[in-house]
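work.txt follows; it contains compact mmCIF, C-alpha atoms.
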```
# COMPACT_ATOMS: atom_id res chain seq x y z
CA MET A 233 -51.06 241.52 -233.27
CA ARG A 234 -53.79 244.16 -233.27
CA ALA A 235 -56.31 241.65 -231.94
CA GLU A 236 -53.84 240.56 -229.26
CA THR A 237 -53.14 244.16 -228.25
CA ARG A 238 -56.84 244.94 -228.05
CA ARG A 239 -57.64 241.87 -225.92
CA GLY A 240 -54.44 241.74 -223.93
CA PHE A 241 -52.10 238.78 -223.88
CA GLY A 242 -53.57 237.40 -220.65
CA ALA A 243 -57.21 237.50 -221.76
CA ARG A 244 -59.00 234.31 -222.75
CA PRO A 245 -60.46 234.06 -226.22
CA ALA A 246 -64.24 234.14 -226.47
CA PRO A 247 -65.73 230.64 -226.57
CA ALA A 248 -66.91 229.40 -229.93
CA PRO A 249 -70.68 229.29 -230.56
CA SER A 250 -70.62 225.48 -230.52
CA ALA A 251 -68.89 225.52 -227.13
CA ARG A 252 -71.49 227.91 -225.74
CA ARG A 253 -74.29 225.68 -227.02
CA SER A 254 -72.68 222.58 -225.49
CA ALA A 255 -72.29 224.44 -222.19
CA ARG A 256 -75.97 225.37 -222.17
CA TRP A 257 -77.18 221.89 -223.18
CA PRO A 258 -76.72 220.19 -219.74
CA TRP A 259 -78.79 222.94 -218.12
CA ALA A 260 -81.54 222.53 -220.73
CA ARG A 261 -81.51 218.79 -220.23
CA ARG A 262 -81.76 219.12 -216.44
CA ALA A 263 -84.59 221.62 -216.79
CA GLY A 264 -86.46 219.27 -219.12
CA PHE A 265 -85.95 216.38 -216.74
CA ALA A 266 -87.19 218.46 -213.80
CA LEU A 267 -90.25 219.49 -215.81
CA LEU A 268 -90.96 215.87 -216.69
CA LEU A 269 -90.74 214.85 -213.04
CA ALA A 270 -93.07 217.68 -212.06
CA VAL A 271 -95.66 216.64 -214.64
CA ALA A 272 -95.41 213.01 -213.56
CA ALA A 273 -95.79 214.00 -209.90
CA ALA A 274 -98.84 216.12 -210.72
CA LEU A 275 -100.48 213.27 -212.61
CA LEU A 276 -99.67 210.87 -209.79
CA LEU A 277 -101.20 213.17 -207.19
CA ARG A 278 -104.30 213.67 -209.31
CA HIS A 279 -104.86 209.96 -209.68
CA ALA A 280 -104.02 209.38 -206.01
CA ARG A 281 -106.94 211.59 -204.95
CA GLU A 282 -109.32 209.39 -206.95
CA VAL A 283 -108.16 206.13 -205.34
CA ASP A 284 -110.19 204.49 -202.61
CA TRP A 285 -107.21 204.04 -200.29
CA PRO A 286 -109.10 202.28 -197.48
CA ALA A 287 -110.12 199.63 -200.02
CA VAL A 288 -106.51 199.33 -201.23
CA LEU A 289 -105.29 198.91 -197.64
CA GLY A 290 -107.97 196.29 -197.16
CA VAL A 291 -106.59 194.34 -200.12
CA LEU A 292 -103.07 194.55 -198.69
CA SER A 293 -104.23 193.37 -195.27
CA ARG A 294 -105.77 190.23 -196.79
CA TYR A 295 -102.50 188.93 -198.19
CA ASP A 296 -101.28 185.91 -196.25
CA ALA A 297 -98.12 183.82 -196.23
CA ALA A 298 -99.57 181.42 -198.81
CA THR A 299 -99.52 184.29 -201.31
CA LEU A 300 -96.57 186.38 -200.17
CA LEU A 301 -94.04 183.56 -199.85
CA PRO A 302 -94.40 182.27 -203.45
CA ALA A 303 -94.30 185.86 -204.71
CA ALA A 304 -91.12 186.53 -202.70
CA ALA A 305 -89.55 183.29 -203.98
CA LEU A 306 -90.21 184.30 -207.60
CA ALA A 307 -88.78 187.77 -206.92
CA ALA A 308 -85.64 186.24 -205.39
CA CYS A 309 -85.17 183.99 -208.43
CA SER A 310 -85.57 187.02 -210.70
CA HIS A 311 -82.92 189.02 -208.85
CA ALA A 312 -80.57 186.03 -208.92
CA LEU A 313 -81.01 185.71 -212.69
CA VAL A 314 -80.31 189.40 -213.25
CA ALA A 315 -77.18 189.16 -211.13
CA GLY A 316 -76.13 186.35 -213.44
CA TYR A 317 -76.03 188.78 -216.36
CA ASP A 318 -72.71 190.08 -215.05
CA LEU A 319 -71.31 186.55 -215.06
CA ILE A 320 -71.79 186.63 -218.82
CA GLY A 321 -69.73 189.81 -218.90
CA ARG A 322 -67.14 188.20 -216.61
CA HIS A 323 -66.81 185.28 -218.99
CA GLN A 324 -66.67 187.55 -222.03
CA VAL A 325 -64.02 190.00 -220.81
CA GLY A 326 -62.15 187.54 -218.59
CA HIS A 327 -61.79 189.80 -215.55
CA ARG A 328 -60.28 188.40 -212.37
CA LEU A 329 -63.09 188.99 -209.85
CA GLY A 330 -64.62 185.90 -208.28
CA ARG A 331 -68.13 184.75 -209.09
CA ALA A 332 -69.51 185.61 -205.65
CA GLN A 333 -68.07 189.13 -205.78
CA THR A 334 -69.45 189.64 -209.29
CA LEU A 335 -72.90 188.41 -208.30
CA ALA A 336 -72.94 190.63 -205.20
CA THR A 337 -71.97 193.69 -207.24
CA ALA A 338 -74.62 192.98 -209.86
CA PHE A 339 -77.28 192.42 -207.20
CA VAL A 340 -76.52 195.77 -205.56
CA ALA A 341 -76.52 197.54 -208.92
CA TYR A 342 -79.86 196.05 -209.96
CA ALA A 343 -81.59 196.86 -206.66
CA PHE A 344 -80.37 200.46 -206.81
CA ASN A 345 -81.27 200.63 -210.49
CA LEU A 346 -84.86 199.62 -209.76
CA ASN A 347 -85.37 202.16 -207.01
CA LEU A 348 -83.11 205.09 -207.96
CA GLY A 349 -82.69 204.84 -211.70
CA ALA A 350 -80.06 203.56 -214.13
CA LEU A 351 -77.56 206.39 -213.58
CA VAL A 352 -77.31 205.59 -209.88
CA GLY A 353 -77.73 201.84 -210.04
CA GLY A 354 -77.00 200.14 -213.33
CA LEU A 355 -74.17 202.54 -214.19
CA GLY A 356 -73.07 204.37 -211.06
CA MET A 357 -72.97 201.43 -208.67
CA ARG A 358 -71.19 199.17 -211.14
CA TYR A 359 -68.53 201.77 -211.90
CA ARG A 360 -68.15 202.55 -208.20
CA LEU A 361 -67.74 198.96 -207.02
CA TYR A 362 -65.88 197.50 -209.97
CA THR A 363 -63.30 200.31 -209.91
CA ARG A 364 -62.93 199.77 -206.16
CA PHE A 365 -62.05 196.16 -206.96
CA GLY A 366 -59.48 197.23 -209.53
CA LEU A 367 -61.24 196.58 -212.84
CA PRO A 368 -60.26 198.94 -215.67
CA LEU A 369 -62.94 201.15 -217.18
CA ALA A 370 -62.79 199.34 -220.52
CA GLN A 371 -63.79 196.04 -218.91
CA ILE A 372 -66.49 197.67 -216.80
CA THR A 373 -68.00 199.25 -219.89
CA GLN A 374 -68.12 195.88 -221.64
CA VAL A 375 -69.79 194.22 -218.65
CA ILE A 376 -72.43 196.96 -218.50
CA ALA A 377 -73.04 196.85 -222.25
CA LEU A 378 -73.52 193.07 -222.19
CA SER A 379 -75.83 193.30 -219.17
CA MET A 380 -78.02 195.89 -220.89
CA ALA A 381 -78.08 193.84 -224.10
CA THR A 382 -79.08 190.75 -222.14
CA ASN A 383 -81.92 192.53 -220.39
CA TRP A 384 -83.50 193.96 -223.55
CA LEU A 385 -82.88 190.92 -225.73
CA GLY A 386 -85.41 188.91 -223.73
CA TRP A 387 -87.77 191.86 -223.80
CA LEU A 388 -87.58 191.93 -227.61
CA LEU A 389 -88.42 188.24 -227.85
CA LEU A 390 -91.32 188.23 -225.38
CA ALA A 391 -92.80 191.57 -226.46
CA GLY A 392 -92.55 190.57 -230.09
CA ALA A 393 -94.19 187.20 -229.49
CA ALA A 394 -96.94 188.74 -227.35
CA LEU A 395 -97.79 191.41 -229.91
CA LEU A 396 -97.60 189.08 -232.89
CA PHE A 397 -99.49 186.06 -231.54
CA PHE A 398 -101.50 187.47 -228.61
CA PRO A 399 -102.19 191.16 -229.43
CA LEU A 400 -103.34 192.99 -226.32
CA ALA A 401 -106.82 194.51 -226.31
CA LEU A 402 -106.01 198.22 -225.94
CA PRO A 403 -108.50 200.86 -224.79
CA PRO A 404 -110.60 202.22 -227.70
CA ALA A 405 -109.21 205.73 -227.14
CA TRP A 406 -105.72 204.54 -228.10
CA GLU A 407 -106.86 203.87 -231.69
CA VAL A 408 -104.23 201.19 -232.36
CA GLY A 409 -105.45 198.20 -234.34
CA SER A 410 -104.36 194.59 -234.00
CA GLY A 411 -102.67 194.80 -237.42
CA ALA A 412 -100.30 197.52 -236.25
CA LEU A 413 -99.56 195.58 -233.07
CA ARG A 414 -98.75 192.43 -235.04
CA ALA A 415 -96.46 194.39 -237.36
CA LEU A 416 -94.65 195.86 -234.36
CA GLY A 417 -94.33 192.39 -232.85
CA ALA A 418 -92.79 191.05 -236.06
CA LEU A 419 -90.30 193.93 -236.05
CA LEU A 420 -89.26 193.24 -232.45
CA LEU A 421 -88.76 189.54 -233.19
CA ALA A 422 -86.70 190.46 -236.23
CA LEU A 423 -84.45 192.66 -234.08
CA ALA A 424 -83.89 189.83 -231.59
CA ALA A 425 -83.12 187.41 -234.44
CA ALA A 426 -80.74 189.95 -235.98
CA TYR A 427 -78.76 190.21 -232.73
CA LEU A 428 -78.41 186.43 -232.54
CA LEU A 429 -77.37 186.24 -236.17
CA VAL A 430 -74.78 188.99 -235.85
CA CYS A 431 -73.29 187.37 -232.75
CA ALA A 432 -73.10 184.01 -234.49
CA ARG A 433 -71.89 185.06 -237.93
CA ALA A 434 -70.24 188.49 -237.76
CA LYS A 435 -66.62 188.55 -238.93
CA ARG A 436 -65.94 191.85 -237.20
CA ARG A 437 -66.19 190.95 -233.50
CA VAL A 438 -65.29 194.31 -231.91
CA LEU A 439 -67.61 197.32 -231.87
CA ARG A 440 -66.81 200.86 -230.74
CA LEU A 441 -69.18 202.48 -228.22
CA ARG A 442 -68.20 206.03 -227.27
CA GLY A 443 -64.53 205.25 -227.63
CA HIS A 444 -64.72 201.88 -225.84
CA ALA A 445 -64.18 198.57 -227.59
CA VAL A 446 -66.95 196.01 -226.95
CA ARG A 447 -66.47 192.46 -228.19
CA LEU A 448 -69.53 190.65 -229.51
CA PRO A 449 -70.46 187.47 -227.64
CA SER A 450 -70.51 184.16 -229.45
CA GLY A 451 -73.72 182.69 -230.80
CA ARG A 452 -74.00 180.30 -227.84
CA LEU A 453 -73.47 183.11 -225.36
CA ALA A 454 -76.12 185.19 -227.14
CA LEU A 455 -78.57 182.29 -226.79
CA LEU A 456 -77.76 182.16 -223.08
CA GLN A 457 -78.45 185.91 -222.86
CA LEU A 458 -81.82 185.34 -224.53
CA ALA A 459 -82.74 182.47 -222.21
CA LEU A 460 -81.79 184.26 -218.98
CA SER A 461 -83.49 187.52 -219.89
CA SER A 462 -86.69 185.84 -221.09
CA ALA A 463 -86.87 183.80 -217.89
CA ASN A 464 -86.35 186.94 -215.81
CA TRP A 465 -89.19 188.89 -217.45
CA MET A 466 -91.46 185.89 -217.03
CA LEU A 467 -90.57 185.64 -213.34
CA MET A 468 -91.37 189.33 -212.84
CA ALA A 469 -94.79 188.84 -214.41
CA GLY A 470 -95.19 185.73 -212.26
CA VAL A 471 -94.85 187.79 -209.09
CA ILE A 472 -97.76 190.01 -210.15
CA ALA A 473 -99.79 187.00 -211.27
CA VAL A 474 -99.45 185.41 -207.84
CA LEU A 475 -100.47 188.63 -206.10
CA LEU A 476 -103.52 189.02 -208.36
CA GLY A 477 -104.57 185.46 -207.62
CA GLY A 478 -105.29 184.43 -211.21
CA ARG A 479 -107.76 187.25 -211.92
CA VAL A 480 -105.94 188.00 -215.20
CA GLU A 481 -104.38 185.42 -217.51
CA TYR A 482 -100.62 185.26 -217.36
CA ALA A 483 -99.95 186.18 -221.01
CA THR A 484 -101.88 189.43 -220.61
CA LEU A 485 -100.01 190.35 -217.43
CA LEU A 486 -96.68 189.68 -219.13
CA ALA A 487 -97.62 191.90 -222.08
CA VAL A 488 -98.73 194.74 -219.78
CA LEU A 489 -95.54 194.48 -217.73
CA LEU A 490 -93.43 194.70 -220.88
CA ILE A 491 -95.30 197.83 -221.97
CA ALA A 492 -94.91 199.36 -218.50
CA ALA A 493 -91.15 198.69 -218.57
CA VAL A 494 -90.73 200.70 -221.76
CA ALA A 495 -92.96 203.47 -220.42
CA GLY A 496 -90.77 203.68 -217.33
CA VAL A 497 -87.63 204.00 -219.45
CA ILE A 498 -89.15 206.69 -221.66
CA THR A 499 -90.36 208.83 -218.75
CA HIS A 500 -87.10 208.47 -216.75
CA VAL A 501 -89.08 208.48 -213.49
CA PRO A 502 -87.02 206.75 -210.78
CA ALA A 503 -88.46 203.29 -210.02
CA GLY A 504 -91.16 204.02 -212.61
CA LEU A 505 -93.13 205.45 -209.70
CA GLY A 506 -96.69 205.96 -210.87
CA VAL A 507 -95.85 204.90 -214.42
CA LEU A 508 -96.16 201.18 -213.69
CA GLU A 509 -99.45 201.71 -211.92
CA ALA A 510 -100.81 204.02 -214.61
CA VAL A 511 -100.11 201.49 -217.39
CA PHE A 512 -101.67 198.61 -215.49
CA VAL A 513 -104.74 200.64 -214.58
CA ALA A 514 -105.16 201.90 -218.14
CA LEU A 515 -104.98 198.41 -219.63
CA LEU A 516 -106.62 196.28 -216.94
CA ALA A 517 -109.08 198.58 -215.17
CA ARG A 518 -112.00 197.06 -217.08
CA ARG A 519 -111.09 193.59 -215.84
CA VAL A 520 -109.89 194.12 -212.26
CA PRO A 521 -111.26 196.56 -209.66
CA HIS A 522 -108.93 199.48 -209.03
CA ALA A 523 -108.44 198.65 -205.37
CA GLU A 524 -107.39 195.06 -206.05
CA LEU A 525 -105.10 196.07 -208.89
CA LEU A 526 -103.36 198.85 -206.95
CA GLY A 527 -103.09 196.66 -203.87
CA ALA A 528 -101.32 193.97 -205.89
CA LEU A 529 -98.98 196.52 -207.46
CA LEU A 530 -98.11 198.04 -204.09
CA ALA A 531 -97.34 194.58 -202.75
CA TYR A 532 -95.26 193.95 -205.87
CA ARG A 533 -93.25 197.12 -205.21
CA ALA A 534 -92.63 196.09 -201.61
CA ILE A 535 -91.51 192.58 -202.58
CA TYR A 536 -89.60 193.25 -205.78
CA TYR A 537 -88.26 196.79 -205.22
CA LEU A 538 -88.03 197.73 -201.54
CA ALA A 539 -87.12 194.44 -199.86
CA PRO A 540 -84.17 193.80 -202.23
CA LEU A 541 -83.04 197.41 -201.76
CA GLY A 542 -82.82 196.85 -198.02
CA ALA A 543 -80.73 193.73 -198.58
CA ALA A 544 -78.61 195.51 -201.17
CA LEU A 545 -77.71 198.25 -198.69
CA GLY A 546 -76.26 195.62 -196.37
CA VAL A 547 -74.38 193.90 -199.21
CA TYR A 548 -73.05 197.24 -200.40
CA ALA A 549 -71.69 198.04 -196.94
CA VAL A 550 -69.92 194.67 -196.86
CA LEU A 551 -68.41 195.22 -200.31
CA GLU A 552 -67.19 198.70 -199.42
CA THR A 553 -65.69 197.43 -196.16
CA ARG A 554 -63.92 194.62 -197.98
CA ALA A 555 -62.58 197.01 -200.62
CA ALA A 556 -61.29 199.38 -197.93
CA ARG A 557 -59.68 196.49 -196.06
CA ASP A 558 -57.93 195.31 -199.21
CA GLY A 559 -56.62 198.82 -199.86
CA ALA A 560 -58.68 199.54 -202.99
CA PRO A 561 -58.71 203.24 -203.98
CA ALA A 562 -61.95 205.12 -203.44
CA ARG A 563 -63.07 206.65 -206.73
CA ARG A 564 -66.01 208.71 -207.76
```

Any chance you could give the structure as structure tokens?
Amino acid sequence: MRAETRRGFGARPAPAPSARRSARWPWARRAGFALLLAVAAALLLRHAREVDWPAVLGVLSRYDAATLLPAAALAACSHALVAGYDLIGRHQVGHRLGRAQTLATAFVAYAFNLNLGALVGGLGMRYRLYTRFGLPLAQITQVIALSMATNWLGWLLLAGAALLFFPLALPPAWEVGSGALRALGALLLALAAAYLLVCARAKRRVLRLRGHAVRLPSGRLALLQLALSSANWMLMAGVIAVLLGGRVEYATLLAVLLIAAVAGVITHVPAGLGVLEAVFVALLARRVPHAELLGALLAYRAIYYLAPLGAALGVYAVLETRAARDGAPARR
């Protein structure tokens, strides 16, 4: 009663220390993210000043249809495969959306994910569109979880095989020996094998992820995840291989792309802007002139990132129009 009289009955109690810490944490996280972006931008600008841009533009101007069309075809196949990841989720959760609608949603999400980051694309766009079409959050979460697992399962297999059997020649300054690379490759292969084994043999088929129940796929479905994802990563490396015109062997390009993908995830830079180029230059600069390498990577960004984003904007407008016509509620 004394404490109540001193504070007044209408006053709010002081927040607990844990609550104050949790309230400050989002601000600290945003500040750290902003700092990371600033550092990445500074590094990108520093390297940009050292690039012979007229030579890079000269490389871009020499690309003809005989090179660009096969590269675009490989990129289109890659995007189609990634859209197919959501069909695995559709089969697993048994939601009622048609295949074409599911593929269109997944295509839009992947294109936005590449250019604007996972929060906007892989997560935000899927939640936005799937809720517009009436799917419950529990099913959407399962579809997203299976899509993410599919993507990184193929990465585990290919990165593990590349490091174990074809260890990449790293710059001397990195001080990483082939033995450590082979050990890491064996670990990655073991993780991929463990996922397949758990999906095939686990008696407990439902996992809890942040309060959501996610059902494990069957062993056959896990093998399909592995096949689709591996094929997708190989197609992505194929686009760069075509643009480089065979100057670097395919296995090396695939390994570098896999390393760049992880670097992009770690840095959280949208579209991996500058990160992809920095990894390729660091690992291949001794084998390919900077201008040719950067020209190929810029062409790769235009074909694999920007062109699909333009198409995805049109598809997204159609999906939103259809959802509004069918009376679906607009949700954040």

Could you produce a table of the residues of segment 357-460 of chain A lying within 10 Å of segment 479-497 of chain A, with the nearest pair of atoms per residue and their separation in Å rounded to one decimal, using all atoms listed in the file, ordered by chain and increasing residue number, as a Markdown table?
```
| residue | atom | partner | partner_atom | distance |
| --- | --- | --- | --- | --- |
| A:Trp387 | CA | A:Leu490 | CA | 7.0 |
| A:Leu388 | CA | A:Leu490 | CA | 9.3 |
| A:Leu390 | CA | A:Ala487 | CA | 8.0 |
| A:Ala391 | CA | A:Leu490 | CA | 6.4 |
| A:Gly392 | CA | A:Ala487 | CA | 9.6 |
| A:Ala393 | CA | A:Ala487 | CA | 9.4 |
| A:Ala394 | CA | A:Ala487 | CA | 6.2 |
| A:Leu395 | CA | A:Ala487 | CA | 7.8 |
| A:Phe398 | CA | A:Ala483 | CA | 7.9 |
| A:Pro399 | CA | A:Ala487 | CA | 8.7 |
| A:Leu400 | CA | A:Thr484 | CA | 6.9 |
| A:Ala401 | CA | A:Thr484 | CA | 9.1 |
```

Spatial neighbours of Ala549 of chain A, 12 Å, all atoms listed in the file, chain gap at least 6 places, as a ChimeraX atom specification: /A:336-337,340,361,542-543,555-556

Selection export as a compact mmCIF listing (two decimals), in the frame of the given file, atoms kept: C-alpha atoms:
```txt
# COMPACT_ATOMS: atom_id res chain seq x y z
CA ALA A 336 -72.94 190.63 -205.20
CA THR A 337 -71.97 193.69 -207.24
CA VAL A 340 -76.52 195.77 -205.56
CA LEU A 361 -67.74 198.96 -207.02
CA GLY A 542 -82.82 196.85 -198.02
CA ALA A 543 -80.73 193.73 -198.58
CA ALA A 555 -62.58 197.01 -200.62
CA ALA A 556 -61.29 199.38 -197.93
```

Can you tell me, as AutoDock Vina command-line options, the centre and edge lengths (Å, one decimal) of the axis-aligned box enclosing all of segment 296-304 of chain A's listed atoms after padding each side by 3 Å?
```
--center_x -96.2 --center_y 184.0 --center_z -200.5 --size_x 16.2 --size_y 11.1 --size_z 14.5
```

Distance in Å - atom CA of Arg437 of chain A versus atom CA of Leu378 of chain A: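 Atom CA of Arg437 of chain A sits 13.6 Å away from atom CA of Leu378 of chain A.
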
Residues within 6 Å of segment 296-308 of chain A, all atoms listed in the file, excluding chain neighbours under 5 positions, as a PyMOL selection string: chain A and resi 467+471+536

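When atom CA of Ala534 of chain A is paired with atom CA of Gly290 of chain A, their separation reads 16.0 Å.
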
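In this structure, atom CA of Leu319 of chain A sits 24.4 Å away from atom CA of Lys435 of chain A.
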
For segment 366-372 of chain A: contacts at 8 Å, all atoms listed in the file, fewer than 2 positions along chain excluded, given as a list in words: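 Within the cut-off, the hits are Val325, His327, Arg358, Tyr359, Tyr362, Thr363, Arg364, Gln374, Val375, Ile376, His444, Ala445 and Ala560 of chain A.
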
Distance criterion (only C-alpha atoms): nearest to His311 of chain A out of A:Ala343, A:Ala418, A:Ala381, A:Leu538: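 Of all the options, A:Ala343 lies closest to His311 of chain A.
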
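Checking A:Ala424, A:Leu348, A:Val446, A:Val291 one by one against Leu476 of chain A, counting all atoms listed in the file, you find the shortest gap at A:Val291.
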